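Chemist: First, the structure itself, so that you have it in front of you.
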Amino acid sequence: MYRLRGHHLFCLLGYRGMGYSEEYTKNMTRLHQTLREYPDTFIQLIEGPDQLCEKYPNSGEYHCEENRIYDKDAAILKKLGLKIGQILTWKDIETHVREFVVPSDIQVECATCSWRSYGVCEEGIQEILDGKGLRKVE
Ligand code: SF4
């Protein structure tokens, strides 16, 4: 079972192999691939730094414990109709995305994120709405 914070559920949808460092992307690619191949994998929704934050490079400004990131987690979980502490499969999370999220939500929930301008996160949500699941990271 993986333990993930709220906003990383969105980040996984648009993940294309980009990230903060080689170690960070290696870890995220492994998780992404597992969820893509085994959508019945269980996820526990947690508050604060998770298994992806663990690989955030020492060199960058560590933002994972900033209040604004906690706020983003809470807003995204609320949007998805989910709560901290819940345990559910990745497939269930995709169902919540289909039910409660539209691509333009990224513009609101992720307004301050530097990755937003790439457009991949909106694209990732659209692909879930289209029933495609996570896109393979090449
Ligand atoms: S815009 Fe940033 S925080 Fe939002 S889903 Fe994309 S990478 Fe994650």
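Ordering of the structure tokens sets the chain letters (A, B, ...), residue numbers begin anew at 1 in every chain, and ligands are numbered from 1 in the order given.
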Report the closest atom pair, with its distance in Å rounded to one decimal, for each residue of chain A that has an atom no farther than 9 Å from ligand 1; count only C-alpha atoms and all ligand atoms, sort by chain and then rising residue number, and write it as a tab-separated table.
Modeler:
```
residue	atom	partner	partner_atom_place_in_ligand_line	distance
A:His7	CA	ligand 1	3 (S)	5.9
A:His8	CA	ligand 1	8 (Fe)	6.0
A:Leu9	CA	ligand 1	5 (S)	7.5
A:Phe10	CA	ligand 1	5 (S)	4.3
A:Cys11	CA	ligand 1	8 (Fe)	3.5
A:Leu12	CA	ligand 1	5 (S)	7.1
A:Leu13	CA	ligand 1	5 (S)	7.2
A:Gly14	CA	ligand 1	6 (Fe)	6.4
A:Tyr15	CA	ligand 1	7 (S)	7.5
A:Gly19	CA	ligand 1	7 (S)	8.8
A:Ile69	CA	ligand 1	3 (S)	8.8
A:Lys72	CA	ligand 1	3 (S)	8.1
A:Ile106	CA	ligand 1	4 (Fe)	5.9
A:Gln107	CA	ligand 1	1 (S)	7.7
A:Glu109	CA	ligand 1	4 (Fe)	6.9
A:Cys110	CA	ligand 1	4 (Fe)	4.4
A:Ala111	CA	ligand 1	1 (S)	7.3
A:Thr112	CA	ligand 1	1 (S)	7.9
A:Cys113	CA	ligand 1	2 (Fe)	4.6
A:Ser114	CA	ligand 1	2 (Fe)	6.4
A:Trp115	CA	ligand 1	2 (Fe)	4.8
A:Arg116	CA	ligand 1	1 (S)	3.7
A:Ser117	CA	ligand 1	1 (S)	7.5
A:Tyr118	CA	ligand 1	1 (S)	8.4
A:Gly119	CA	ligand 1	1 (S)	8.1
A:Val120	CA	ligand 1	6 (Fe)	7.2
A:Cys121	CA	ligand 1	6 (Fe)	4.7
A:Glu122	CA	ligand 1	6 (Fe)	7.7
A:Gly124	CA	ligand 1	5 (S)	8.9
```
Chemist: What residues in segment 2-138 of chain A get the DSSP label alpha helix (DSSP H)? Please answer as number ranges by chain.
Modeler: A: 6-13, 22-37, 67-80, 90-100, 105-109, 120-129
Chemist: Any idea what the distance is between atom CA of Asn27 of chain A and atom CA of Ala75 of chain A?
Modeler: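 That distance, rounded to one decimal, is 25.0 Å.
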Chemist: Find the spatial neighbours of Arg135 of chain A, counting only C-alpha atoms, within a cut-off of 12 Å - ignore same-chain residues fewer than 3 positions away - and output them as JSON, numbers by chain.
Modeler: {"A": [12, 13, 14, 15, 16, 17, 29, 32, 33, 34, 35, 36, 37, 120, 121, 123, 124, 125, 126, 127, 128, 130, 131, 132, 138]}
Chemist: Using the selection just defined, write its residues with N, CA and C atoms as a PDB file, in the first residue's frame.
Modeler:
```pdb
ATOM      1  N   LEU A  12      -0.001  12.829 -10.300  1.00  0.00           N
ATOM      2  CA  LEU A  12       0.201  11.532 -10.956  1.00  0.00           C
ATOM      3  C   LEU A  12      -0.547  11.453 -12.292  1.00  0.00           C
ATOM      4  N   LEU A  13      -1.663  12.150 -12.395  1.00  0.00           N
ATOM      5  CA  LEU A  13      -2.465  12.084 -13.625  1.00  0.00           C
ATOM      6  C   LEU A  13      -1.716  12.658 -14.818  1.00  0.00           C
ATOM      7  N   GLY A  14      -0.969  13.736 -14.554  1.00  0.00           N
ATOM      8  CA  GLY A  14      -0.276  14.398 -15.662  1.00  0.00           C
ATOM      9  C   GLY A  14       1.196  14.054 -15.734  1.00  0.00           C
ATOM     10  N   TYR A  15       1.627  13.088 -14.944  1.00  0.00           N
ATOM     11  CA  TYR A  15       3.066  12.786 -14.882  1.00  0.00           C
ATOM     12  C   TYR A  15       3.591  12.244 -16.215  1.00  0.00           C
ATOM     13  N   ARG A  16       4.669  12.874 -16.693  1.00  0.00           N
ATOM     14  CA  ARG A  16       5.270  12.456 -17.974  1.00  0.00           C
ATOM     15  C   ARG A  16       6.755  12.167 -17.814  1.00  0.00           C
ATOM     16  N   GLY A  17       7.200  12.033 -16.573  1.00  0.00           N
ATOM     17  CA  GLY A  17       8.611  11.723 -16.350  1.00  0.00           C
ATOM     18  C   GLY A  17       9.442  12.924 -15.938  1.00  0.00           C
ATOM     19  N   THR A  29       8.234   7.544 -11.120  1.00  0.00           N
ATOM     20  CA  THR A  29       7.952   6.698 -12.282  1.00  0.00           C
ATOM     21  C   THR A  29       7.581   5.287 -11.814  1.00  0.00           C
ATOM     22  N   HIS A  32       4.060   5.454 -10.474  1.00  0.00           N
ATOM     23  CA  HIS A  32       3.132   5.700 -11.579  1.00  0.00           C
ATOM     24  C   HIS A  32       2.907   4.421 -12.385  1.00  0.00           C
ATOM     25  N   GLN A  33       3.997   3.737 -12.657  1.00  0.00           N
ATOM     26  CA  GLN A  33       3.930   2.496 -13.438  1.00  0.00           C
ATOM     27  C   GLN A  33       3.133   1.424 -12.687  1.00  0.00           C
ATOM     28  N   THR A  34       3.364   1.339 -11.387  1.00  0.00           N
ATOM     29  CA  THR A  34       2.624   0.359 -10.580  1.00  0.00           C
ATOM     30  C   THR A  34       1.129   0.640 -10.638  1.00  0.00           C
ATOM     31  N   LEU A  35       0.757   1.907 -10.484  1.00  0.00           N
ATOM     32  CA  LEU A  35      -0.667   2.260 -10.479  1.00  0.00           C
ATOM     33  C   LEU A  35      -1.288   2.048 -11.855  1.00  0.00           C
ATOM     34  N   ARG A  36      -0.503   2.279 -12.891  1.00  0.00           N
ATOM     35  CA  ARG A  36      -1.003   2.086 -14.257  1.00  0.00           C
ATOM     36  C   ARG A  36      -1.243   0.604 -14.539  1.00  0.00           C
ATOM     37  N   GLU A  37      -0.282  -0.212 -14.101  1.00  0.00           N
ATOM     38  CA  GLU A  37      -0.382  -1.650 -14.387  1.00  0.00           C
ATOM     39  C   GLU A  37      -1.290  -2.376 -13.398  1.00  0.00           C
ATOM     40  N   VAL A 120       0.219  19.476 -19.051  1.00  0.00           N
ATOM     41  CA  VAL A 120       0.106  18.008 -18.982  1.00  0.00           C
ATOM     42  C   VAL A 120      -0.880  17.540 -17.901  1.00  0.00           C
ATOM     43  N   CYS A 121      -1.057  18.346 -16.865  1.00  0.00           N
ATOM     44  CA  CYS A 121      -1.938  17.919 -15.767  1.00  0.00           C
ATOM     45  C   CYS A 121      -3.398  17.996 -16.208  1.00  0.00           C
ATOM     46  N   GLU A 123      -4.309  17.733 -19.301  1.00  0.00           N
ATOM     47  CA  GLU A 123      -4.381  16.657 -20.285  1.00  0.00           C
ATOM     48  C   GLU A 123      -4.609  15.302 -19.575  1.00  0.00           C
ATOM     49  N   GLY A 124      -3.901  15.132 -18.450  1.00  0.00           N
ATOM     50  CA  GLY A 124      -4.021  13.885 -17.683  1.00  0.00           C
ATOM     51  C   GLY A 124      -5.430  13.689 -17.144  1.00  0.00           C
ATOM     52  N   ILE A 125      -6.040  14.772 -16.672  1.00  0.00           N
ATOM     53  CA  ILE A 125      -7.421  14.674 -16.180  1.00  0.00           C
ATOM     54  C   ILE A 125      -8.350  14.317 -17.336  1.00  0.00           C
ATOM     55  N   GLN A 126      -8.141  14.984 -18.476  1.00  0.00           N
ATOM     56  CA  GLN A 126      -8.994  14.694 -19.634  1.00  0.00           C
ATOM     57  C   GLN A 126      -8.897  13.217 -20.031  1.00  0.00           C
ATOM     58  N   GLU A 127      -7.687  12.664 -19.942  1.00  0.00           N
ATOM     59  CA  GLU A 127      -7.521  11.258 -20.339  1.00  0.00           C
ATOM     60  C   GLU A 127      -8.262  10.311 -19.391  1.00  0.00           C
ATOM     61  N   ILE A 128      -8.306  10.697 -18.117  1.00  0.00           N
ATOM     62  CA  ILE A 128      -9.082   9.879 -17.165  1.00  0.00           C
ATOM     63  C   ILE A 128     -10.575   9.998 -17.503  1.00  0.00           C
ATOM     64  N   ASP A 130     -11.784  10.460 -20.316  1.00  0.00           N
ATOM     65  CA  ASP A 130     -11.991   9.696 -21.554  1.00  0.00           C
ATOM     66  C   ASP A 130     -11.875   8.185 -21.325  1.00  0.00           C
ATOM     67  N   GLY A 131     -11.646   7.801 -20.083  1.00  0.00           N
ATOM     68  CA  GLY A 131     -11.581   6.367 -19.755  1.00  0.00           C
ATOM     69  C   GLY A 131     -10.258   5.715 -20.095  1.00  0.00           C
ATOM     70  N   LYS A 132      -9.209   6.519 -20.279  1.00  0.00           N
ATOM     71  CA  LYS A 132      -7.925   5.949 -20.713  1.00  0.00           C
ATOM     72  C   LYS A 132      -7.008   5.515 -19.583  1.00  0.00           C
ATOM     73  N   GLU A 138       7.296   7.237 -21.059  1.00  0.00           N
ATOM     74  CA  GLU A 138       8.348   6.663 -21.917  1.00  0.00           C
ATOM     75  C   GLU A 138       9.724   6.997 -21.376  1.00  0.00           C
TER      76      GLU A 138
END
```
Chemist: List as a PDB file with C-alpha atoms, in the first residue's frame the protein and nucleic acid residues near segment 52-56 of chain A, meaning an atom at most 8 Å away when only C-alpha atoms are counted, but skip any in the same chain fewer than 4 places from it.
Modeler:
```pdb
ATOM      1  CA  LEU A   4      -0.066   9.759  -0.658  1.00  0.00           C
ATOM      2  CA  TYR A  20      12.897  17.756  -9.377  1.00  0.00           C
ATOM      3  CA  SER A  21      15.829  15.315  -9.700  1.00  0.00           C
ATOM      4  CA  GLU A  23      16.068  10.207  -7.791  1.00  0.00           C
ATOM      5  CA  TYR A  24      12.719  11.966  -7.476  1.00  0.00           C
ATOM      6  CA  ASN A  27      10.681   7.002  -7.471  1.00  0.00           C
ATOM      7  CA  MET A  28       7.666   8.672  -9.049  1.00  0.00           C
ATOM      8  CA  GLY A  60      15.996  22.672  -3.756  1.00  0.00           C
ATOM      9  CA  TYR A  62      11.873  22.186   0.555  1.00  0.00           C
ATOM     10  CA  CYS A  64       6.588  19.991   1.259  1.00  0.00           C
TER      11      CYS A  64
END
```
Chemist: As an exercise, work out the distance from atom CA of Phe42 of chain A to atom CA of Gly81 of chain A in Å and give it to one decimal place.
Modeler: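 Taking atom CA of Phe42 of chain A as the start and atom CA of Gly81 of chain A as the end point, the length is 17.1 Å.
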